[in-house]
Amino acid sequence: MSRASVLEAVASEIKACTKCSLWRNRKNAVPGEGNPNAKVMFIGEAPGYWEDIKGRPFVGAAGKFLDSLLAEAGLLRGQVFIGNVLKCRPPGNREPAPAEIEACTPFLDRQIRAIQPRLIVTLGNYSTAYIFAKAGLPFNGITEVRGKFYQANVLGLTVVVFPTLHPAAGLYSAKYKQMLIEDFRMLRAKLHELGLA
Ligand code: URA
């Protein structure tokens, strides 16, 4: 099966999923989207209001900011894959519950295995905690680990993991906004260094 057909099969399962209770309130599941052959994969936390309505990742205010951050890194949405730890919106945008993460992340694992990215950018605490645990890397909070590149093995793949803040943090704090811009400029340099740009 091609990467695209694996991703389509996973997306169909996600849209029909009832493994945790979040399906009861969803308008749309948000499987994630992008290039099946992406070298760079971005992982957020969970769909918000607009993502639930549209069934697409990062299409609200944080998504608009993510688009400008991608431009800082010299990337277009069509080149990368953008997914989330949870595929359905938690009510009121509350934080993901451990049982929801456990039920949902086998989908993320399958997406990572299908795409085989060279670099994974984790956006915020939840996706960083998840990928760091997979990689066996110690995690003591996003502010401690962010803005550095980690050579890692995730699901048997040799990848560079780059944790940064969640783009939503940049919407309410000028300081975090600046940190995000700096991180994505570092990402641009790294992509050139790795021959991925
Ligand atoms: N925040 C996320 O973490 N993911 C989205 O898809 C949108 C907002």
# chains A, B, ... in the order shown; residues from 1 in each chain; ligands from 1
$ select_by_dssp --residues "segment 72-163 of chain A" --states "strand (DSSP E)" --output "JSON, numbers by chain"
{"A": [81, 82, 83, 84, 119, 120, 121, 122, 123, 150, 151, 152, 153, 154, 157, 158, 159, 160, 161, 162, 163]}
$ write_last_selection --atoms "N, CA and C atoms" --output "compact mmCIF listing (two decimals), in the first residue's frame"
# COMPACT_ATOMS: atom_id res chain seq x y z
N PHE A 81 3.25 17.54 6.73
CA PHE A 81 2.02 16.91 7.25
C PHE A 81 1.76 17.51 8.62
N ILE A 82 0.50 17.87 8.86
CA ILE A 82 0.12 18.47 10.14
C ILE A 82 -0.92 17.58 10.81
N GLY A 83 -0.59 17.07 11.99
CA GLY A 83 -1.51 16.22 12.73
C GLY A 83 -1.61 16.66 14.18
N ASN A 84 -2.33 15.88 14.95
CA ASN A 84 -2.53 16.19 16.36
C ASN A 84 -2.46 14.91 17.20
N LEU A 119 12.06 14.74 10.17
CA LEU A 119 12.06 15.69 11.28
C LEU A 119 10.62 15.84 11.79
N ILE A 120 10.47 15.77 13.11
CA ILE A 120 9.15 15.95 13.72
C ILE A 120 9.19 17.20 14.60
N VAL A 121 8.31 18.15 14.31
CA VAL A 121 8.19 19.35 15.14
C VAL A 121 7.00 19.13 16.07
N THR A 122 7.25 19.13 17.37
CA THR A 122 6.16 18.98 18.33
C THR A 122 5.77 20.36 18.84
N LEU A 123 4.45 20.62 18.80
CA LEU A 123 3.92 21.94 19.14
C LEU A 123 3.28 21.87 20.52
N TYR A 150 16.81 17.26 18.76
CA TYR A 150 17.13 16.00 19.43
C TYR A 150 17.19 14.89 18.38
N GLN A 151 18.34 14.24 18.30
CA GLN A 151 18.47 13.06 17.45
C GLN A 151 17.79 11.92 18.17
N ALA A 152 16.84 11.26 17.53
CA ALA A 152 16.04 10.29 18.27
C ALA A 152 15.62 9.12 17.40
N ASN A 153 15.16 8.07 18.10
CA ASN A 153 14.53 6.95 17.43
C ASN A 153 13.07 6.91 17.87
N VAL A 154 12.19 7.12 16.94
CA VAL A 154 10.75 7.13 17.25
C VAL A 154 10.09 6.06 16.38
N LEU A 157 12.11 4.70 13.64
CA LEU A 157 12.59 5.64 12.63
C LEU A 157 13.65 6.55 13.23
N THR A 158 14.71 6.81 12.47
CA THR A 158 15.71 7.78 12.90
C THR A 158 15.20 9.17 12.51
N VAL A 159 14.92 9.98 13.51
CA VAL A 159 14.37 11.30 13.23
C VAL A 159 15.04 12.36 14.10
N VAL A 160 14.94 13.59 13.64
CA VAL A 160 15.29 14.73 14.48
C VAL A 160 13.96 15.25 15.05
N VAL A 161 13.93 15.42 16.38
CA VAL A 161 12.73 15.96 17.03
C VAL A 161 13.02 17.39 17.45
N PHE A 162 12.11 18.29 17.08
CA PHE A 162 12.28 19.70 17.42
C PHE A 162 11.05 20.20 18.16
N PRO A 163 11.13 20.26 19.49
CA PRO A 163 9.98 20.76 20.25
C PRO A 163 9.96 22.29 20.28
$ residues_near_ligand --ligand "ligand 1" --cutoff "6 Å" --atoms "only C-alpha atoms and all ligand atoms" --output "list in words"
Gly44, Glu45, Ala46, Pro47, Gly48, Glu51, Pro57, Phe58, Ala62 and Asn84 of chain A
$ closest_residue --among "A:Arg94, A:Arg118, A:Gly124, A:Val80" --to "Asp67 of chain A" --atoms "only C-alpha atoms"
A:Val80
$ residues_around --residues "segment 136-143 of chain A" --least-positions-apart "6" --cutoff "7 Å" --atoms "only C-alpha atoms" --output "ChimeraX atom specification"
/A:124-125,129,165
$ closest_residue --among "A:Phe184, A:Tyr49, A:Phe107, A:Phe65" --to "Glu13 of chain A" --atoms "only C-alpha atoms"
A:Phe107
$ select_by_dssp --residues "segment 10-96 of chain A" --states "helix (DSSP H, G or I)" --output "PyMOL selection string"
chain A and resi 10-15+21-25+49-54+61-72+77-79+91-93
$ residues_around --residues "Arg89 of chain A" --least-positions-apart "3" --cutoff "12 Å" --atoms "only C-alpha atoms" --output "PDB file with N, CA, C and O atoms, in the first residue's frame"
ATOM      1  N   CYS A  20     -12.987   6.633  22.509  1.00  0.00           N
ATOM      2  CA  CYS A  20     -13.161   7.390  23.750  1.00  0.00           C
ATOM      3  C   CYS A  20     -14.443   8.204  23.601  1.00  0.00           C
ATOM      4  O   CYS A  20     -15.095   8.155  22.558  1.00  0.00           O
ATOM      5  N   SER A  21     -14.802   8.966  24.605  1.00  0.00           N
ATOM      6  CA  SER A  21     -16.124   9.616  24.559  1.00  0.00           C
ATOM      7  C   SER A  21     -16.149  10.886  23.695  1.00  0.00           C
ATOM      8  O   SER A  21     -17.216  11.451  23.459  1.00  0.00           O
ATOM      9  N   LEU A  22     -15.002  11.335  23.209  1.00  0.00           N
ATOM     10  CA  LEU A  22     -14.991  12.613  22.468  1.00  0.00           C
ATOM     11  C   LEU A  22     -15.811  12.566  21.177  1.00  0.00           C
ATOM     12  O   LEU A  22     -16.249  13.609  20.684  1.00  0.00           O
ATOM     13  N   TRP A  23     -16.041  11.371  20.656  1.00  0.00           N
ATOM     14  CA  TRP A  23     -16.816  11.286  19.411  1.00  0.00           C
ATOM     15  C   TRP A  23     -18.239  11.812  19.603  1.00  0.00           C
ATOM     16  O   TRP A  23     -18.849  12.300  18.675  1.00  0.00           O
ATOM     17  N   ARG A  24     -18.739  11.744  20.834  1.00  0.00           N
ATOM     18  CA  ARG A  24     -20.151  12.105  21.066  1.00  0.00           C
ATOM     19  C   ARG A  24     -20.426  13.578  20.755  1.00  0.00           C
ATOM     20  O   ARG A  24     -21.523  13.925  20.359  1.00  0.00           O
ATOM     21  N   ASN A  25     -19.422  14.429  20.994  1.00  0.00           N
ATOM     22  CA  ASN A  25     -19.637  15.864  20.780  1.00  0.00           C
ATOM     23  C   ASN A  25     -19.023  16.401  19.493  1.00  0.00           C
ATOM     24  O   ASN A  25     -19.145  17.590  19.213  1.00  0.00           O
ATOM     25  N   ARG A  26     -18.359  15.521  18.734  1.00  0.00           N
ATOM     26  CA  ARG A  26     -17.658  16.079  17.564  1.00  0.00           C
ATOM     27  C   ARG A  26     -18.627  16.383  16.435  1.00  0.00           C
ATOM     28  O   ARG A  26     -19.621  15.677  16.239  1.00  0.00           O
ATOM     29  N   LYS A  27     -18.308  17.478  15.706  1.00  0.00           N
ATOM     30  CA  LYS A  27     -18.969  17.699  14.420  1.00  0.00           C
ATOM     31  C   LYS A  27     -18.169  16.950  13.366  1.00  0.00           C
ATOM     32  O   LYS A  27     -18.719  16.287  12.508  1.00  0.00           O
ATOM     33  N   ASN A  28     -16.858  17.074  13.465  1.00  0.00           N
ATOM     34  CA  ASN A  28     -15.960  16.369  12.552  1.00  0.00           C
ATOM     35  C   ASN A  28     -14.726  15.906  13.309  1.00  0.00           C
ATOM     36  O   ASN A  28     -14.189  16.658  14.134  1.00  0.00           O
ATOM     37  N   ALA A  29     -14.276  14.722  13.010  1.00  0.00           N
ATOM     38  CA  ALA A  29     -12.944  14.325  13.456  1.00  0.00           C
ATOM     39  C   ALA A  29     -11.932  15.050  12.577  1.00  0.00           C
ATOM     40  O   ALA A  29     -12.243  15.484  11.466  1.00  0.00           O
ATOM     41  N   VAL A  30     -10.715  15.202  13.107  1.00  0.00           N
ATOM     42  CA  VAL A  30      -9.660  15.914  12.373  1.00  0.00           C
ATOM     43  C   VAL A  30      -8.446  14.982  12.260  1.00  0.00           C
ATOM     44  O   VAL A  30      -7.577  14.969  13.142  1.00  0.00           O
ATOM     45  N   PRO A  31      -8.405  14.168  11.207  1.00  0.00           N
ATOM     46  CA  PRO A  31      -7.326  13.178  11.102  1.00  0.00           C
ATOM     47  C   PRO A  31      -5.932  13.800  10.932  1.00  0.00           C
ATOM     48  O   PRO A  31      -4.922  13.193  11.309  1.00  0.00           O
ATOM     49  N   GLU A  45      -1.859  19.545  19.484  1.00  0.00           N
ATOM     50  CA  GLU A  45      -2.475  18.924  20.659  1.00  0.00           C
ATOM     51  C   GLU A  45      -3.824  18.261  20.312  1.00  0.00           C
ATOM     52  O   GLU A  45      -3.964  17.040  20.405  1.00  0.00           O
ATOM     53  N   ALA A  46      -4.773  19.067  19.919  1.00  0.00           N
ATOM     54  CA  ALA A  46      -6.117  18.560  19.648  1.00  0.00           C
ATOM     55  C   ALA A  46      -6.870  19.613  18.849  1.00  0.00           C
ATOM     56  O   ALA A  46      -6.554  20.801  18.920  1.00  0.00           O
ATOM     57  N   PRO A  47      -7.900  19.195  18.102  1.00  0.00           N
ATOM     58  CA  PRO A  47      -8.690  20.186  17.365  1.00  0.00           C
ATOM     59  C   PRO A  47      -9.362  21.166  18.312  1.00  0.00           C
ATOM     60  O   PRO A  47      -9.731  20.808  19.434  1.00  0.00           O
ATOM     61  N   GLY A  48      -9.517  22.393  17.847  1.00  0.00           N
ATOM     62  CA  GLY A  48     -10.290  23.405  18.574  1.00  0.00           C
ATOM     63  C   GLY A  48     -11.624  23.614  17.876  1.00  0.00           C
ATOM     64  O   GLY A  48     -12.078  22.779  17.076  1.00  0.00           O
ATOM     65  N   TYR A  49     -12.233  24.747  18.147  1.00  0.00           N
ATOM     66  CA  TYR A  49     -13.581  25.039  17.637  1.00  0.00           C
ATOM     67  C   TYR A  49     -13.655  24.955  16.105  1.00  0.00           C
ATOM     68  O   TYR A  49     -14.492  24.254  15.546  1.00  0.00           O
ATOM     69  N   TRP A  50     -12.780  25.693  15.430  1.00  0.00           N
ATOM     70  CA  TRP A  50     -12.857  25.758  13.961  1.00  0.00           C
ATOM     71  C   TRP A  50     -12.412  24.465  13.302  1.00  0.00           C
ATOM     72  O   TRP A  50     -12.919  24.079  12.237  1.00  0.00           O
ATOM     73  N   GLU A  51     -11.457  23.798  13.929  1.00  0.00           N
ATOM     74  CA  GLU A  51     -10.990  22.520  13.373  1.00  0.00           C
ATOM     75  C   GLU A  51     -12.129  21.502  13.410  1.00  0.00           C
ATOM     76  O   GLU A  51     -12.338  20.733  12.467  1.00  0.00           O
ATOM     77  N   ASP A  52     -12.899  21.504  14.511  1.00  0.00           N
ATOM     78  CA  ASP A  52     -14.039  20.599  14.654  1.00  0.00           C
ATOM     79  C   ASP A  52     -15.097  20.895  13.587  1.00  0.00           C
ATOM     80  O   ASP A  52     -15.698  19.992  13.009  1.00  0.00           O
ATOM     81  N   ILE A  53     -15.291  22.164  13.316  1.00  0.00           N
ATOM     82  CA  ILE A  53     -16.293  22.541  12.305  1.00  0.00           C
ATOM     83  C   ILE A  53     -15.842  22.137  10.899  1.00  0.00           C
ATOM     84  O   ILE A  53     -16.613  21.617  10.105  1.00  0.00           O
ATOM     85  N   LYS A  54     -14.552  22.353  10.635  1.00  0.00           N
ATOM     86  CA  LYS A  54     -14.072  22.137   9.258  1.00  0.00           C
ATOM     87  C   LYS A  54     -13.462  20.760   9.023  1.00  0.00           C
ATOM     88  O   LYS A  54     -13.262  20.358   7.870  1.00  0.00           O
ATOM     89  N   GLY A  55     -13.109  20.059  10.104  1.00  0.00           N
ATOM     90  CA  GLY A  55     -12.489  18.746   9.932  1.00  0.00           C
ATOM     91  C   GLY A  55     -11.055  18.814   9.452  1.00  0.00           C
ATOM     92  O   GLY A  55     -10.510  17.837   8.927  1.00  0.00           O
ATOM     93  N   ARG A  56     -10.446  20.012   9.640  1.00  0.00           N
ATOM     94  CA  ARG A  56      -9.052  20.203   9.190  1.00  0.00           C
ATOM     95  C   ARG A  56      -8.208  20.777  10.329  1.00  0.00           C
ATOM     96  O   ARG A  56      -8.715  21.562  11.146  1.00  0.00           O
ATOM     97  N   PRO A  57      -6.918  20.419  10.378  1.00  0.00           N
ATOM     98  CA  PRO A  57      -6.072  20.875  11.487  1.00  0.00           C
ATOM     99  C   PRO A  57      -5.646  22.339  11.335  1.00  0.00           C
ATOM    100  O   PRO A  57      -5.417  22.819  10.217  1.00  0.00           O
ATOM    101  N   ASN A  84      -2.330  15.882  14.948  1.00  0.00           N
ATOM    102  CA  ASN A  84      -2.534  16.186  16.357  1.00  0.00           C
ATOM    103  C   ASN A  84      -2.456  14.911  17.197  1.00  0.00           C
ATOM    104  O   ASN A  84      -2.643  13.809  16.678  1.00  0.00           O
ATOM    105  N   VAL A  85      -2.232  15.098  18.495  1.00  0.00           N
ATOM    106  CA  VAL A  85      -2.266  13.963  19.427  1.00  0.00           C
ATOM    107  C   VAL A  85      -3.691  13.405  19.480  1.00  0.00           C
ATOM    108  O   VAL A  85      -3.901  12.197  19.333  1.00  0.00           O
ATOM    109  N   LEU A  86      -4.675  14.272  19.699  1.00  0.00           N
ATOM    110  CA  LEU A  86      -6.081  13.852  19.682  1.00  0.00           C
ATOM    111  C   LEU A  86      -6.719  14.274  18.361  1.00  0.00           C
ATOM    112  O   LEU A  86      -6.433  15.357  17.849  1.00  0.00           O
ATOM    113  N   GLY A  92     -14.960  22.431  25.188  1.00  0.00           N
ATOM    114  CA  GLY A  92     -14.443  23.689  25.722  1.00  0.00           C
ATOM    115  C   GLY A  92     -12.933  23.822  25.567  1.00  0.00           C
ATOM    116  O   GLY A  92     -12.297  24.624  26.259  1.00  0.00           O
ATOM    117  N   ASN A  93     -12.348  23.025  24.682  1.00  0.00           N
ATOM    118  CA  ASN A  93     -10.883  23.027  24.476  1.00  0.00           C
ATOM    119  C   ASN A  93     -10.110  22.675  25.743  1.00  0.00           C
ATOM    120  O   ASN A  93      -8.985  23.132  25.930  1.00  0.00           O
ATOM    121  N   ARG A  94     -10.710  21.853  26.612  1.00  0.00           N
ATOM    122  CA  ARG A  94      -9.962  21.445  27.799  1.00  0.00           C
ATOM    123  C   ARG A  94      -8.770  20.586  27.381  1.00  0.00           C
ATOM    124  O   ARG A  94      -8.682  20.131  26.241  1.00  0.00           O
ATOM    125  N   GLU A  95      -7.860  20.356  28.358  1.00  0.00           N
ATOM    126  CA  GLU A  95      -6.651  19.595  28.045  1.00  0.00           C
ATOM    127  C   GLU A  95      -7.004  18.126  27.791  1.00  0.00           C
ATOM    128  O   GLU A  95      -7.991  17.617  28.347  1.00  0.00           O
ATOM    129  N   PRO A  96      -6.223  17.448  26.968  1.00  0.00           N
ATOM    130  CA  PRO A  96      -6.485  16.031  26.713  1.00  0.00           C
ATOM    131  C   PRO A  96      -6.362  15.206  27.998  1.00  0.00           C
ATOM    132  O   PRO A  96      -5.471  15.460  28.817  1.00  0.00           O
ATOM    133  N   ALA A  97      -7.252  14.235  28.172  1.00  0.00           N
ATOM    134  CA  ALA A  97      -7.179  13.339  29.329  1.00  0.00           C
ATOM    135  C   ALA A  97      -6.287  12.148  28.982  1.00  0.00           C
ATOM    136  O   ALA A  97      -6.225  11.738  27.819  1.00  0.00           O
ATOM    137  N   GLU A 100      -7.833   9.495  26.895  1.00  0.00           N
ATOM    138  CA  GLU A 100      -8.073   9.908  25.501  1.00  0.00           C
ATOM    139  C   GLU A 100      -6.773   9.792  24.700  1.00  0.00           C
ATOM    140  O   GLU A 100      -6.781   9.337  23.552  1.00  0.00           O
ATOM    141  N   CYS A 104      -6.278   7.346  21.471  1.00  0.00           N
ATOM    142  CA  CYS A 104      -6.154   8.006  20.163  1.00  0.00           C
ATOM    143  C   CYS A 104      -4.774   7.866  19.514  1.00  0.00           C
ATOM    144  O   CYS A 104      -4.675   7.856  18.278  1.00  0.00           O
TER     145      CYS A 104
END
$ atom_distance --atom1 "atom CA of His166 of chain A" --atom2 "atom CA of Ala114 of chain A"
24.3 Å
$ closest_residue --among "A:Leu69, A:Ala133, A:Leu171, A:Ile115" --to "Met186 of chain A" --atoms "only C-alpha atoms"
A:Leu69
$ closest_residue --among "A:Val6, A:Ile181, A:Val40, A:Leu187" --to "Ser68 of chain A" --atoms "only C-alpha atoms"
A:Ile181
$ closest_residue --among "A:Leu155, A:Met41, A:Ala135, A:Glu33" --to "Arg110 of chain A" --atoms "only C-alpha atoms"
A:Leu155
